[in-house]
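> Dropping in my_file-v3.cif, with mmCIF, C-alpha atoms and all ligand atoms.
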data_work
#
loop_
_atom_site.label_atom_id
_atom_site.label_comp_id
_atom_site.auth_asym_id
_atom_site.auth_seq_id
_atom_site.Cartn_x
_atom_site.Cartn_y
_atom_site.Cartn_z
CA MET A 1 16.55 265.37 33.66
CA VAL A 2 14.57 262.20 33.02
CA GLY A 3 12.49 262.96 36.11
CA SER A 4 11.19 266.30 34.92
CA TRP A 5 10.62 264.98 31.41
CA PHE A 6 8.61 262.10 32.81
CA LYS A 7 6.60 264.43 35.01
CA ARG A 8 5.79 266.66 32.01
CA TRP A 9 4.80 263.66 29.91
CA ARG A 10 2.58 262.31 32.64
CA THR A 11 0.96 265.72 33.11
CA GLU A 12 0.26 266.01 29.38
CA ARG A 13 -1.19 262.51 29.30
CA THR A 14 -3.47 263.22 32.29
CA LEU A 15 -4.70 266.45 30.69
CA GLN A 16 -5.53 264.61 27.46
CA ARG A 17 -7.04 261.45 28.87
CA ARG A 18 -8.84 262.76 31.92
CA ALA A 19 -9.98 266.20 30.74
CA ILE A 20 -13.18 267.43 32.44
CA PRO A 21 -15.99 267.01 29.87
CA ASP A 22 -17.29 270.29 28.35
CA THR A 23 -20.86 269.95 29.58
CA LEU A 24 -19.78 269.25 33.15
CA TRP A 25 -17.32 272.15 33.04
CA GLN A 26 -19.98 274.58 31.78
CA LEU A 27 -22.51 273.35 34.35
CA THR A 28 -19.99 273.89 37.14
CA LEU A 29 -19.25 277.45 36.02
CA ALA A 30 -22.98 278.20 35.76
CA ARG A 31 -23.54 276.87 39.26
CA PHE A 32 -20.60 278.76 40.81
CA PRO A 33 -20.31 282.05 38.87
CA PHE A 34 -17.22 283.21 40.81
CA LEU A 35 -15.28 280.45 38.98
CA ARG A 36 -15.92 282.10 35.62
CA LEU A 37 -12.62 283.80 34.75
CA PRO A 38 -12.72 286.37 31.94
CA GLY A 39 -9.18 285.80 30.62
CA ALA A 40 -8.88 282.80 28.28
CA ASP A 41 -5.45 281.92 29.73
CA ASP A 42 -6.71 281.94 33.32
CA ALA A 43 -9.83 279.95 32.43
CA ALA A 44 -7.76 277.27 30.64
CA ARG A 45 -5.28 277.17 33.51
CA LEU A 46 -8.06 276.68 36.07
CA ARG A 47 -9.48 273.82 34.04
CA ASP A 48 -6.08 272.10 33.65
CA LEU A 49 -5.27 272.51 37.35
CA SER A 50 -8.66 271.02 38.24
CA THR A 51 -8.04 268.00 35.98
CA LEU A 52 -4.64 267.39 37.59
CA PHE A 53 -6.14 267.92 41.05
CA LEU A 54 -8.80 265.27 40.35
CA ALA A 55 -6.13 262.86 39.11
CA SER A 56 -3.95 263.30 42.22
CA LYS A 57 -6.52 263.37 45.06
CA GLU A 58 -8.78 260.68 46.52
CA PHE A 59 -12.40 261.46 47.36
CA THR A 60 -14.24 259.48 50.02
CA GLY A 61 -17.94 259.87 50.86
CA VAL A 62 -18.96 259.20 54.46
CA ASP A 63 -22.02 257.15 55.55
CA GLY A 64 -22.86 255.90 52.08
CA LEU A 65 -22.55 259.31 50.39
CA GLU A 66 -21.42 258.73 46.81
CA VAL A 67 -19.11 261.44 45.50
CA ASP A 68 -20.03 261.61 41.81
CA ASP A 69 -18.16 263.43 39.03
CA ALA A 70 -20.17 266.64 39.39
CA MET A 71 -19.41 266.79 43.12
CA ALA A 72 -15.71 266.04 42.69
CA VAL A 73 -15.39 268.66 39.94
CA ALA A 74 -17.26 271.26 42.05
CA ILE A 75 -14.77 270.71 44.88
CA ALA A 76 -11.70 270.54 42.62
CA VAL A 77 -12.36 273.79 40.77
CA GLN A 78 -13.07 275.75 43.96
CA ALA A 79 -9.95 274.29 45.57
CA CYS A 80 -7.84 275.27 42.56
CA LEU A 81 -9.03 278.90 42.40
CA PRO A 82 -6.70 280.12 45.20
CA ILE A 83 -3.66 278.37 43.68
CA LEU A 84 -4.31 279.52 40.10
CA HIS A 85 -0.95 281.32 40.07
CA LEU A 86 0.74 279.50 42.97
CA GLY A 87 0.75 276.01 41.46
CA LEU A 88 -0.70 272.62 42.36
CA ASP A 89 2.49 271.71 44.29
CA CYS A 90 1.02 273.73 47.16
CA TYR A 91 -1.36 270.81 47.75
CA ASP A 92 1.29 268.07 47.63
CA GLY A 93 1.12 267.52 51.41
CA PHE A 94 -2.11 265.50 51.39
CA VAL A 95 -4.20 263.20 49.18
CA GLY A 96 -7.54 262.56 50.86
CA ILE A 97 -10.73 264.60 50.67
CA VAL A 98 -13.52 263.33 52.91
CA VAL A 99 -17.04 264.46 52.06
CA HIS A 100 -19.94 264.40 54.52
CA GLU A 101 -23.57 264.90 53.52
CA ASP A 102 -23.91 267.83 55.94
CA ALA A 103 -22.07 269.63 58.74
CA VAL A 104 -20.50 267.39 61.38
CA VAL A 105 -20.97 267.89 65.10
CA ALA A 106 -17.66 267.43 66.90
CA ARG A 107 -17.48 266.95 70.67
CA ARG A 108 -14.83 269.28 72.09
CA GLU A 109 -13.24 269.43 75.50
CA VAL A 110 -11.44 272.28 77.20
CA VAL A 111 -9.79 272.20 80.60
CA ASP A 112 -10.04 275.48 82.51
CA ASP A 113 -7.48 276.94 84.96
CA ASP A 114 -9.03 275.02 87.86
CA GLY A 115 -8.63 271.73 85.99
CA VAL A 116 -12.35 271.40 85.33
CA VAL A 117 -13.21 269.77 82.00
CA HIS A 118 -15.87 271.52 79.93
CA GLN A 119 -17.49 269.75 77.00
CA TYR A 120 -19.22 271.47 74.13
CA ASP A 121 -20.38 270.67 70.61
CA GLU A 122 -18.91 272.40 67.59
CA GLU A 123 -20.57 272.27 64.20
CA LEU A 124 -18.00 271.84 61.44
CA SER A 125 -18.71 272.49 57.77
CA GLY A 126 -15.10 271.65 57.00
CA GLU A 127 -11.74 270.89 58.56
CA ALA A 128 -8.14 270.85 57.34
CA MET A 129 -5.38 268.94 59.07
CA HIS A 130 -1.64 268.61 58.60
CA GLY A 131 -1.04 265.81 56.10
CA GLY A 132 -4.77 265.63 55.40
CA PRO A 133 -7.44 264.68 54.88
CA VAL A 134 -9.50 267.78 54.13
CA MET A 135 -13.07 267.32 55.38
CA LEU A 136 -16.00 269.09 53.71
CA SER A 137 -19.77 269.20 54.18
CA TRP A 138 -21.35 268.67 50.77
CA ARG A 139 -24.37 270.79 51.68
CA ASP A 140 -22.10 273.80 52.25
CA VAL A 141 -20.12 273.11 49.05
CA ALA A 142 -23.33 272.79 47.02
CA ASP A 143 -24.68 276.11 48.36
CA ALA A 144 -21.50 278.02 47.44
CA GLY A 145 -23.14 279.76 44.44
CA GLU A 146 -25.86 281.28 46.64
CA SER A 147 -23.72 281.93 49.72
CA ALA A 148 -21.13 283.88 47.69
CA VAL A 149 -23.06 287.13 48.35
CA ASP A 150 -22.24 286.69 52.04
CA GLY A 151 -18.56 286.15 51.22
CA TYR A 152 -18.88 282.52 52.38
CA ASN A 153 -17.08 279.57 50.77
CA VAL A 154 -16.14 276.43 52.70
CA VAL A 155 -13.80 274.94 50.05
CA ILE A 156 -11.70 278.09 49.75
CA HIS A 157 -11.63 278.39 53.55
CA GLU A 158 -10.26 274.90 54.14
CA PHE A 159 -7.76 275.00 51.28
CA VAL A 160 -6.41 278.34 52.49
CA HIS A 161 -5.74 276.56 55.81
CA VAL A 162 -3.81 273.98 53.74
CA LEU A 163 -1.73 276.81 52.21
CA ASP A 164 -1.23 278.31 55.69
CA MET A 165 0.04 274.94 57.01
CA ARG A 166 2.77 274.52 54.39
CA ASN A 167 5.26 276.25 56.68
CA GLY A 168 4.15 274.67 59.94
CA ASP A 169 1.02 275.17 62.00
CA ALA A 170 -1.90 277.19 60.72
CA ASP A 171 -1.12 280.61 62.21
CA GLY A 172 -2.37 283.09 59.63
CA VAL A 173 1.08 283.43 58.06
CA PRO A 174 1.62 281.40 54.86
CA MET A 175 4.89 280.71 53.07
CA LEU A 176 6.11 284.04 51.67
CA PRO A 177 8.94 284.83 49.24
CA ASP A 178 11.21 286.86 51.55
CA ARG A 179 11.69 288.72 54.82
CA ASN A 180 10.13 291.95 53.51
CA ALA A 181 6.99 290.13 52.40
CA LEU A 182 6.82 288.46 55.81
CA ASP A 183 7.17 291.78 57.69
CA GLU A 184 4.51 293.35 55.50
CA TRP A 185 2.18 290.39 56.03
CA VAL A 186 2.50 290.42 59.81
CA ARG A 187 2.03 294.20 59.92
CA VAL A 188 -1.03 294.43 57.66
CA LEU A 189 -2.80 291.23 58.72
CA GLY A 190 -2.08 291.92 62.39
CA ALA A 191 -3.51 295.45 62.26
CA GLU A 192 -6.57 294.30 60.29
CA TYR A 193 -7.17 291.42 62.68
CA ASP A 194 -6.97 293.64 65.77
CA ALA A 195 -9.32 296.20 64.22
CA PHE A 196 -11.74 293.44 63.21
CA CYS A 197 -11.80 291.94 66.72
CA GLY A 198 -12.56 295.41 68.08
CA ARG A 199 -15.52 295.77 65.72
CA VAL A 200 -16.85 292.33 66.62
CA ASP A 201 -16.51 293.08 70.35
CA ALA A 202 -18.43 296.33 69.80
CA GLY A 203 -21.24 294.36 68.16
CA GLU A 204 -20.76 296.03 64.78
CA GLU A 205 -22.13 294.51 61.59
CA THR A 206 -19.23 293.15 59.49
CA LEU A 207 -18.93 291.75 55.97
CA LEU A 208 -16.69 288.95 57.26
CA ASP A 209 -18.18 286.29 59.51
CA PRO A 210 -17.47 287.19 63.18
CA TYR A 211 -15.95 283.70 63.45
CA ALA A 212 -12.88 285.31 61.84
CA ALA A 213 -12.16 286.96 65.22
CA GLU A 214 -11.44 283.48 66.67
CA ALA A 215 -7.75 283.48 65.68
CA PRO A 216 -5.44 285.02 63.03
CA GLU A 217 -5.54 281.80 60.94
CA GLU A 218 -9.34 281.94 60.86
CA PHE A 219 -9.19 285.63 59.93
CA PHE A 220 -6.87 284.79 56.99
CA ALA A 221 -9.12 281.94 55.78
CA VAL A 222 -12.38 283.89 56.15
CA ALA A 223 -10.88 286.99 54.47
CA ALA A 224 -9.69 284.80 51.56
CA GLU A 225 -13.23 283.46 51.09
CA ALA A 226 -14.59 287.00 50.66
CA PHE A 227 -11.59 288.02 48.54
CA PHE A 228 -12.53 285.38 45.96
CA VAL A 229 -16.34 285.26 46.08
CA ALA A 230 -17.36 288.81 47.10
CA PRO A 231 -14.26 290.81 46.05
CA LEU A 232 -15.89 294.20 45.42
CA GLU A 233 -17.55 294.31 48.84
CA PHE A 234 -14.38 292.97 50.47
CA ARG A 235 -12.17 295.60 48.80
CA ILE A 236 -14.44 298.41 50.03
CA GLU A 237 -14.40 297.19 53.64
CA HIS A 238 -10.74 296.03 53.76
CA PRO A 239 -8.70 297.88 51.09
CA ALA A 240 -5.29 297.21 52.68
CA LEU A 241 -6.04 293.54 53.27
CA TYR A 242 -7.36 293.24 49.71
CA GLU A 243 -4.00 294.49 48.41
CA LEU A 244 -2.10 292.08 50.66
CA LEU A 245 -4.11 289.09 49.41
CA ARG A 246 -3.89 290.30 45.79
CA GLY A 247 -0.10 290.20 46.11
CA TYR A 248 -0.05 286.80 47.79
CA PHE A 249 -2.50 285.01 45.48
CA LYS A 250 -1.26 286.93 42.39
CA GLN A 251 -4.89 287.52 41.41
CA ASP A 252 -7.24 290.53 41.27
CA PRO A 253 -10.78 289.09 41.60
CA ALA A 254 -12.41 292.55 41.87
CA ALA A 255 -11.07 293.42 38.41
CA ARG A 256 -12.81 290.33 36.99
CA GLN A 257 -16.30 291.55 37.99
ZN ZN B 1 -11.06 277.52 59.71
#
Can the structure in the file be given as structure tokens, please?

Amino acid sequence: MVGSWFKRWRTERTLQRRAIPDTLWQLTLARFPFLRLPGADDAARLRDLSTLFLASKEFTGVDGLEVDDAMAVAIAVQACLPILHLGLDCYDGFVGIVVHEDAVVARREVVDDDGVVHQYDEELSGEAMHGGPVMLSWRDVADAGESAVDGYNVVIHEFVHVLDMRNGDADGVPMLPDRNALDEWVRVLGAEYDAFCGRVDAGEETLLDPYAAEAPEEFFAVAAEAFFVAPLEFRIEHPALYELLRGYFKQDPAARQ
């Protein structure tokens, strides 16, 4: 078992040598209050995971944007919140994180049934792809403390897509422990998604961004944002979905508030 011994040794060494400095850690928690975990074990685990995340990922700024330590830590800690009890292995499938100053306008094309090509612009604050990289708009990441009241968080959104893609395409169904868990997931998420689409079509005001009605994978990612950054409001509006996500992430964010 030399391999696992070596891995443990390397992990220990990274945690000692590359630990996130105290001041930077405290500043990050002050800036993004939803990252403040009341349990000492959870808080220490989040910090260790973030250190290991920083050591294993590569950050690239686009158009001269310099990704400094504070920015990298802000992204790392938010990315590690969903996997607090799932493990960093969940993010083994990619290395690169590409950071833009602001949202990116992507030119999209769709071909309709008559073969006519329609072009349109889509504004992206983030994007996750199979094998990476994960793209993020720094402006949206930086605003995450303030936008938490709206249940909005771009880092959690994109990294939940990464979790979703571990078992193939992003389809709103992540890797689950067994057949029962899978049946339960499809039943609960499917019913919640259909009901949500109905509310959006009816023009109702919703806690979750109407963008979630786009597809089941977007519904999963948007719901996970609210689950972590506005858990009390989310639990009131979606009690069954809250329970489903609590079981999957093995966390109870509403109980932390
Ligand atoms: Zn998305």
> Kindly give the distance, in Å, that separates CA of Ala72 (chain A) and CA of Leu54 (chain A), rounded to a single decimal.
7.3 Å
> Which is closer to Ala148 (chain A) than all the others in A:Met71, A:Ile97, A:Ala79, A:Val229, using only C-alpha atoms?
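The closest residue to Ala148 (chain A) is A:Val229.
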> Got a sec: who's within 7 Å of Ser50 (chain A), counting all atoms listed in the file, leaving out chain neighbours fewer than 3 positions off, as a PyMOL selection string?
chain A and resi 46-47+53-54+76-77+80
> Could you please give me, as a list of chain:residue names, the residues of protein, DNA or RNA lying at most 8 Å from (-23.3, 264.0, 52.9) in the coordinate frame of the file, considering all atoms listed in the file?
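Output: A:Gly61, A:Val62, A:Asp63, A:Leu65, A:Val99, A:His100, A:Glu101, A:Asp102, A:Ser137, A:Trp138, A:Arg139.
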> Find the residues near region 157-160 of chain A: any atom within 8 Å, counting all atoms listed in the file, skip ones fewer than 6 places away on the same chain, and give them as an MDAnalysis selection string.
chainID A and resid 79 82 126:128 134 220:222 224:225
> Would you list the contacts of region 253-255 of chain A as a list of chain:residue names, taking every protein, DNA or RNA residue within 9 Å and counting only C-alpha atoms, but skipping same-chain residues closer than 4 positions in sequence?
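Those residues are A:Phe34, A:Leu37, A:Phe227, A:Phe228, A:Val229, A:Ala230, A:Pro231, A:Leu232, A:Glu233, A:Phe234, A:Arg235, A:Arg246.
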> Give the answer as one residue: which of A:Gln16, A:Arg31, A:Glu122, A:Arg8 has the shortest atom-to-atom distance to Glu146 (chain A), using all atoms listed in the file?
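Nearest to Glu146 (chain A): A:Arg31.
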> With all atoms listed in the file as the counted atoms, please give the residues lying no more than 12 Å from Glu184 (chain A), apart from itself and same-chain residues fewer than 6 positions off, as a list in words.
Val173, Leu176, Pro177, Asp178, Gly190, Ala191, Ala240, Leu241, Glu243, Leu244, Leu245, Gly247 and Tyr248 of chain A
> Do you know which residues lie at most 9 Å from (-1.7, 262.3, 55.3), with coordinates as in the file and only C-alpha atoms counted, and could you write them as a list of chain:residue names?
A:Gly93, A:Phe94, A:Val95, A:Gly96, A:Met129, A:His130, A:Gly131, A:Gly132, A:Pro133
> For each of A:Pro174, A:Pro216, A:Gly145, A:Gly115, take the minimum atom-to-atom distance to ligand ZN 1 (chain B), counting only C-alpha atoms and all ligand atoms, then give the residue where this is smallest.
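Closest to ligand ZN 1 (chain B) of all the choices is A:Pro216.
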> Report as AutoDock Vina command-line options the centre and the edge lengths, in Å to one decimal, of the axis-aligned box holding every listed atom of region 92-105 of chain A, padded by 8 Å on each side.

--center_x -11.3 --center_y 266.1 --center_z 56.4 --size_x 41.2 --size_y 23.1 --size_z 33.5
> Rounded to one decimal place, report the CA of Asp69 (chain A)-CA of Tyr91 (chain A) distance in Å.
20.3 Å
> Could you work out how far CA of Leu27 (chain A) lies from CA of Gly39 (chain A), giving the answer in Å with one decimal?
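Separating CA of Gly39 (chain A) from CA of Leu27 (chain A) is a distance of 18.6 Å.
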> From the list A:Ala43, A:Ala215, A:Ala70, A:Val186, which residue is nearest Thr23 (chain A) when using all atoms listed in the file?
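Using all atoms listed in the file, the shortest distance to Thr23 (chain A) belongs to A:Ala70.
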> Considering all atoms listed in the file, can you say which of A:Leu124, A:Met175, A:Ala202, A:Val105 comes closest to ligand ZN 1 (chain B)?
A:Leu124
> With all atoms listed in the file as the atoms that count, which of A:Val155, A:Leu182, A:Ile236, A:Val67 lies nearest to ligand ZN 1 (chain B)?
A:Val155
> Near region 207-213 of chain A, within 6 Å and counting only C-alpha atoms, which residues show up once chain neighbours fewer than 3 positions away are dropped, as a VMD selection string?
chain A and resid 197 218 to 219 222
